[in-house]
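> Sending over model_6.cif (mmCIF, N, CA and C atoms).
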```cif
data_my_file
#
loop_
_atom_site.group_PDB
_atom_site.id
_atom_site.type_symbol
_atom_site.label_atom_id
_atom_site.label_comp_id
_atom_site.auth_asym_id
_atom_site.auth_seq_id
_atom_site.Cartn_x
_atom_site.Cartn_y
_atom_site.Cartn_z
ATOM 1 N N MET A 1 11.948 -16.541 -2.315
ATOM 2 C CA MET A 1 11.684 -15.436 -3.202
ATOM 3 C C MET A 1 12.832 -15.345 -4.199
ATOM 4 N N ALA A 2 12.504 -15.237 -5.458
ATOM 5 C CA ALA A 2 13.508 -15.201 -6.503
ATOM 6 C C ALA A 2 14.083 -13.798 -6.659
ATOM 7 N N GLU A 3 15.373 -13.736 -6.883
ATOM 8 C CA GLU A 3 16.042 -12.451 -7.108
ATOM 9 C C GLU A 3 15.944 -12.094 -8.592
ATOM 10 N N ASP A 4 15.842 -10.824 -8.880
ATOM 11 C CA ASP A 4 15.837 -10.347 -10.252
ATOM 12 C C ASP A 4 17.280 -10.313 -10.756
ATOM 13 N N SER A 5 17.500 -10.715 -11.982
ATOM 14 C CA SER A 5 18.860 -10.803 -12.494
ATOM 15 C C SER A 5 19.287 -9.542 -13.244
ATOM 16 N N THR A 6 18.573 -8.439 -13.092
ATOM 17 C CA THR A 6 18.955 -7.201 -13.757
ATOM 18 C C THR A 6 20.201 -6.632 -13.100
ATOM 19 N N PRO A 7 21.001 -5.873 -13.839
ATOM 20 C CA PRO A 7 22.240 -5.332 -13.280
ATOM 21 C C PRO A 7 22.023 -4.401 -12.088
ATOM 22 N N GLY A 8 20.880 -3.740 -11.997
ATOM 23 C CA GLY A 8 20.625 -2.802 -10.912
ATOM 24 C C GLY A 8 20.183 -3.458 -9.627
ATOM 25 N N GLY A 9 19.982 -4.753 -9.613
ATOM 26 C CA GLY A 9 19.536 -5.448 -8.412
ATOM 27 C C GLY A 9 18.080 -5.859 -8.529
ATOM 28 N N PRO A 10 17.452 -6.150 -7.399
ATOM 29 C CA PRO A 10 16.061 -6.607 -7.420
ATOM 30 C C PRO A 10 15.106 -5.498 -7.873
ATOM 31 N N ALA A 11 13.988 -5.908 -8.424
ATOM 32 C CA ALA A 11 12.987 -4.942 -8.890
ATOM 33 C C ALA A 11 12.360 -4.231 -7.694
ATOM 34 N N PRO A 12 11.966 -2.955 -7.858
ATOM 35 C CA PRO A 12 11.348 -2.231 -6.752
ATOM 36 C C PRO A 12 9.962 -2.778 -6.429
ATOM 37 N N ALA A 13 9.512 -2.571 -5.193
ATOM 38 C CA ALA A 13 8.194 -3.023 -4.778
ATOM 39 C C ALA A 13 7.107 -2.205 -5.456
ATOM 40 N N PHE A 14 7.382 -0.923 -5.702
ATOM 41 C CA PHE A 14 6.410 -0.040 -6.342
ATOM 42 C C PHE A 14 7.158 1.004 -7.141
ATOM 43 N N GLU A 15 6.703 1.262 -8.354
ATOM 44 C CA GLU A 15 7.337 2.264 -9.198
ATOM 45 C C GLU A 15 6.261 3.050 -9.932
ATOM 46 N N LEU A 16 6.351 4.375 -9.866
ATOM 47 C CA LEU A 16 5.388 5.259 -10.516
ATOM 48 C C LEU A 16 6.143 6.255 -11.372
ATOM 49 N N ARG A 17 5.803 6.292 -12.656
ATOM 50 C CA ARG A 17 6.400 7.264 -13.570
ATOM 51 C C ARG A 17 5.280 8.059 -14.205
ATOM 52 N N CYS A 18 5.334 9.380 -14.017
ATOM 53 C CA CYS A 18 4.318 10.276 -14.563
ATOM 54 C C CYS A 18 5.026 11.538 -15.031
ATOM 55 N N GLY A 19 5.346 11.600 -16.303
ATOM 56 C CA GLY A 19 6.081 12.743 -16.835
ATOM 57 C C GLY A 19 7.462 12.828 -16.202
ATOM 58 N N ALA A 20 7.761 13.962 -15.601
ATOM 59 C CA ALA A 20 9.069 14.154 -14.969
ATOM 60 C C ALA A 20 9.128 13.533 -13.575
ATOM 61 N N LEU A 21 7.979 13.147 -13.018
ATOM 62 C CA LEU A 21 7.936 12.554 -11.682
ATOM 63 C C LEU A 21 8.271 11.068 -11.759
ATOM 64 N N HIS A 22 9.223 10.647 -10.950
ATOM 65 C CA HIS A 22 9.611 9.235 -10.905
ATOM 66 C C HIS A 22 9.732 8.834 -9.443
ATOM 67 N N LEU A 23 8.764 8.049 -8.958
ATOM 68 C CA LEU A 23 8.730 7.625 -7.562
ATOM 69 C C LEU A 23 8.992 6.125 -7.494
ATOM 70 N N THR A 24 9.980 5.730 -6.707
ATOM 71 C CA THR A 24 10.325 4.318 -6.549
ATOM 72 C C THR A 24 10.377 3.973 -5.072
ATOM 73 N N ILE A 25 9.666 2.925 -4.683
ATOM 74 C CA ILE A 25 9.715 2.411 -3.313
ATOM 75 C C ILE A 25 10.360 1.034 -3.380
ATOM 76 N N GLN A 26 11.492 0.885 -2.708
ATOM 77 C CA GLN A 26 12.249 -0.362 -2.772
ATOM 78 C C GLN A 26 11.666 -1.463 -1.895
ATOM 79 N N HIS A 27 11.142 -1.101 -0.727
ATOM 80 C CA HIS A 27 10.695 -2.110 0.234
ATOM 81 C C HIS A 27 9.519 -1.556 1.027
ATOM 82 N N ILE A 28 8.478 -2.350 1.193
ATOM 83 C CA ILE A 28 7.327 -1.963 1.998
ATOM 84 C C ILE A 28 7.367 -2.801 3.279
ATOM 85 N N PRO A 29 7.535 -2.167 4.445
ATOM 86 C CA PRO A 29 7.646 -2.922 5.693
ATOM 87 C C PRO A 29 6.346 -3.652 6.040
ATOM 88 N N GLY A 30 6.480 -4.814 6.638
ATOM 89 C CA GLY A 30 5.325 -5.612 7.031
ATOM 90 C C GLY A 30 4.426 -4.909 8.031
ATOM 91 N N TRP A 31 5.022 -4.154 8.956
ATOM 92 C CA TRP A 31 4.207 -3.457 9.953
ATOM 93 C C TRP A 31 3.331 -2.400 9.303
ATOM 94 N N LEU A 32 3.809 -1.785 8.207
ATOM 95 C CA LEU A 32 3.013 -0.775 7.520
ATOM 96 C C LEU A 32 1.835 -1.419 6.791
ATOM 97 N N VAL A 33 2.050 -2.574 6.221
ATOM 98 C CA VAL A 33 0.960 -3.308 5.575
ATOM 99 C C VAL A 33 -0.087 -3.705 6.619
ATOM 100 N N GLY A 34 0.360 -4.230 7.749
ATOM 101 C CA GLY A 34 -0.566 -4.620 8.815
ATOM 102 C C GLY A 34 -1.348 -3.446 9.368
ATOM 103 N N LEU A 35 -0.685 -2.314 9.565
ATOM 104 C CA LEU A 35 -1.351 -1.119 10.054
ATOM 105 C C LEU A 35 -2.394 -0.617 9.065
ATOM 106 N N THR A 36 -2.074 -0.639 7.788
ATOM 107 C CA THR A 36 -3.006 -0.196 6.748
ATOM 108 C C THR A 36 -4.218 -1.104 6.674
ATOM 109 N N VAL A 37 -4.000 -2.410 6.714
ATOM 110 C CA VAL A 37 -5.112 -3.364 6.667
ATOM 111 C C VAL A 37 -6.005 -3.198 7.887
ATOM 112 N N SER A 38 -5.401 -3.014 9.046
ATOM 113 C CA SER A 38 -6.171 -2.825 10.273
ATOM 114 C C SER A 38 -7.001 -1.548 10.219
ATOM 115 N N ALA A 39 -6.422 -0.461 9.745
ATOM 116 C CA ALA A 39 -7.139 0.811 9.659
ATOM 117 C C ALA A 39 -8.292 0.740 8.660
ATOM 118 N N VAL A 40 -8.071 0.120 7.516
ATOM 119 C CA VAL A 40 -9.127 -0.002 6.501
ATOM 120 C C VAL A 40 -10.242 -0.905 7.014
ATOM 121 N N SER A 41 -9.899 -1.979 7.685
ATOM 122 C CA SER A 41 -10.917 -2.876 8.241
ATOM 123 C C SER A 41 -11.757 -2.174 9.298
ATOM 124 N N SER A 42 -11.102 -1.408 10.167
ATOM 125 C CA SER A 42 -11.835 -0.664 11.193
ATOM 126 C C SER A 42 -12.759 0.377 10.565
ATOM 127 N N ALA A 43 -12.275 1.079 9.557
ATOM 128 C CA ALA A 43 -13.093 2.080 8.881
ATOM 129 C C ALA A 43 -14.287 1.432 8.178
ATOM 130 N N ALA A 44 -14.081 0.280 7.563
ATOM 131 C CA ALA A 44 -15.179 -0.418 6.890
ATOM 132 C C ALA A 44 -16.224 -0.892 7.898
ATOM 133 N N ALA A 45 -15.782 -1.396 9.044
ATOM 134 C CA ALA A 45 -16.720 -1.837 10.077
ATOM 135 C C ALA A 45 -17.510 -0.654 10.633
ATOM 136 N N TRP A 46 -16.829 0.471 10.857
ATOM 137 C CA TRP A 46 -17.511 1.669 11.342
ATOM 138 C C TRP A 46 -18.541 2.150 10.329
ATOM 139 N N PHE A 47 -18.152 2.208 9.059
ATOM 140 C CA PHE A 47 -19.063 2.655 8.009
ATOM 141 C C PHE A 47 -20.281 1.750 7.907
ATOM 142 N N ALA A 48 -20.053 0.438 7.959
ATOM 143 C CA ALA A 48 -21.162 -0.516 7.878
ATOM 144 C C ALA A 48 -22.102 -0.363 9.065
ATOM 145 N N ALA A 49 -21.550 -0.190 10.261
ATOM 146 C CA ALA A 49 -22.395 -0.038 11.448
ATOM 147 C C ALA A 49 -23.145 1.294 11.422
ATOM 148 N N ARG A 50 -22.547 2.307 10.889
ATOM 149 C CA ARG A 50 -23.134 3.657 10.891
ATOM 150 C C ARG A 50 -24.187 3.832 9.796
ATOM 151 N N TYR A 51 -23.894 3.349 8.585
ATOM 152 C CA TYR A 51 -24.743 3.667 7.449
ATOM 153 C C TYR A 51 -25.518 2.489 6.853
ATOM 154 N N LEU A 52 -25.117 1.280 7.120
ATOM 155 C CA LEU A 52 -25.757 0.134 6.469
ATOM 156 C C LEU A 52 -26.706 -0.634 7.385
ATOM 157 N N THR A 53 -26.846 -0.204 8.614
ATOM 158 C CA THR A 53 -27.778 -0.871 9.517
ATOM 159 C C THR A 53 -29.128 -0.170 9.438
ATOM 160 N N GLY A 54 -30.169 -0.856 9.802
ATOM 161 C CA GLY A 54 -31.509 -0.310 9.688
ATOM 162 C C GLY A 54 -31.953 0.525 10.878
ATOM 163 N N ALA A 55 -31.031 0.894 11.751
ATOM 164 C CA ALA A 55 -31.405 1.640 12.963
ATOM 165 C C ALA A 55 -31.737 3.087 12.698
#
```
As structure tokens, please, write out the structure in this file.


Amino acid sequence: MAEDSTPGGPAPAFELRCGALHLTIQHIPGWLVGLTVSAVSSAAAWFAARYLTGA
């Protein structure tokens, strides 16, 4: 992974600027990504079984 050469260090993983609100996330942990993917997949499977089946 390449490092950013800006004086402030590496670029943030996520940055949101909306008026006076400035939200910066420096690092997103792998376990949080895995948990989110697992939860979304489970919810999609539940939704498909509940509403998209012909039962």

> Between atom N of A:Ile28 and atom N of A:Glu15, what distance in Å does the model show, to one decimal?

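Atom-to-atom, atom N of A:Ile28 to atom N of A:Glu15, that is 10.4 Å.
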
> From a backbone DSSP assignment, name each residue in chain A labelled helix (DSSP H, G or I), as a ChimeraX atom specification.

/A:30-51

> Between A:Leu52, A:Val37, A:Ala44, A:Ile25, which residue has the minimum interatomic distance to A:Ala11, considering only N, CA and C atoms?

A:Ile25

> Between atom CA of A:Leu32 and atom CA of A:Phe14, what distance in Å does the model show, to one decimal?

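According to the coordinates, atom CA of A:Leu32 and atom CA of A:Phe14 are separated by 14.3 Å.
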
> Quick one, how far is atom CA of A:Phe47 from atom C of A:Trp31?

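According to the coordinates, atom CA of A:Phe47 and atom C of A:Trp31 are separated by 23.0 Å.
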
> Report as AutoDock Vina command-line options the centre and the edge lengths, in Å to one decimal, of the axis-aligned box holding every listed atom of stretch 11-22 of chain A, padded by 4 Å on each side.


```
--center_x 9.2 --center_y 4.1 --center_z -10.8 --size_x 17.7 --size_y 28.1 --size_z 20.1
```

> Kindly output stretch 42-55 of chain A as a short mmCIF file (atom, residue, chain, number, x, y, z; two decimals), keeping the file's coordinate frame, after building N, CA, C and O atoms.


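Result file follows (result-v6.cif):
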```cif
data_model
loop_
_atom_site.label_atom_id
_atom_site.label_comp_id
_atom_site.auth_asym_id
_atom_site.auth_seq_id
_atom_site.Cartn_x
_atom_site.Cartn_y
_atom_site.Cartn_z
N SER A 42 -11.10 -1.41 10.17
CA SER A 42 -11.84 -0.66 11.19
C SER A 42 -12.76 0.38 10.56
O SER A 42 -13.91 0.55 11.00
N ALA A 43 -12.28 1.08 9.56
CA ALA A 43 -13.09 2.08 8.88
C ALA A 43 -14.29 1.43 8.18
O ALA A 43 -15.40 1.97 8.21
N ALA A 44 -14.08 0.28 7.56
CA ALA A 44 -15.18 -0.42 6.89
C ALA A 44 -16.22 -0.89 7.90
O ALA A 44 -17.43 -0.79 7.65
N ALA A 45 -15.78 -1.40 9.04
CA ALA A 45 -16.72 -1.84 10.08
C ALA A 45 -17.51 -0.65 10.63
O ALA A 45 -18.72 -0.75 10.86
N TRP A 46 -16.83 0.47 10.86
CA TRP A 46 -17.51 1.67 11.34
C TRP A 46 -18.54 2.15 10.33
O TRP A 46 -19.67 2.48 10.69
N PHE A 47 -18.15 2.21 9.06
CA PHE A 47 -19.06 2.66 8.01
C PHE A 47 -20.28 1.75 7.91
O PHE A 47 -21.41 2.21 7.80
N ALA A 48 -20.05 0.44 7.96
CA ALA A 48 -21.16 -0.52 7.88
C ALA A 48 -22.10 -0.36 9.06
O ALA A 48 -23.32 -0.39 8.90
N ALA A 49 -21.55 -0.19 10.26
CA ALA A 49 -22.40 -0.04 11.45
C ALA A 49 -23.14 1.29 11.42
O ALA A 49 -24.30 1.37 11.87
N ARG A 50 -22.55 2.31 10.89
CA ARG A 50 -23.13 3.66 10.89
C ARG A 50 -24.19 3.83 9.80
O ARG A 50 -25.23 4.43 10.02
N TYR A 51 -23.89 3.35 8.59
CA TYR A 51 -24.74 3.67 7.45
C TYR A 51 -25.52 2.49 6.85
O TYR A 51 -26.47 2.70 6.13
N LEU A 52 -25.12 1.28 7.12
CA LEU A 52 -25.76 0.13 6.47
C LEU A 52 -26.71 -0.63 7.38
O LEU A 52 -27.29 -1.62 6.96
N THR A 53 -26.85 -0.20 8.61
CA THR A 53 -27.78 -0.87 9.52
C THR A 53 -29.13 -0.17 9.44
O THR A 53 -29.22 1.00 9.08
N GLY A 54 -30.17 -0.86 9.80
CA GLY A 54 -31.51 -0.31 9.69
C GLY A 54 -31.95 0.52 10.88
O GLY A 54 -33.12 0.85 11.01
N ALA A 55 -31.03 0.89 11.75
CA ALA A 55 -31.40 1.64 12.96
C ALA A 55 -31.74 3.09 12.70
O ALA A 55 -31.43 3.75 11.85
#
```
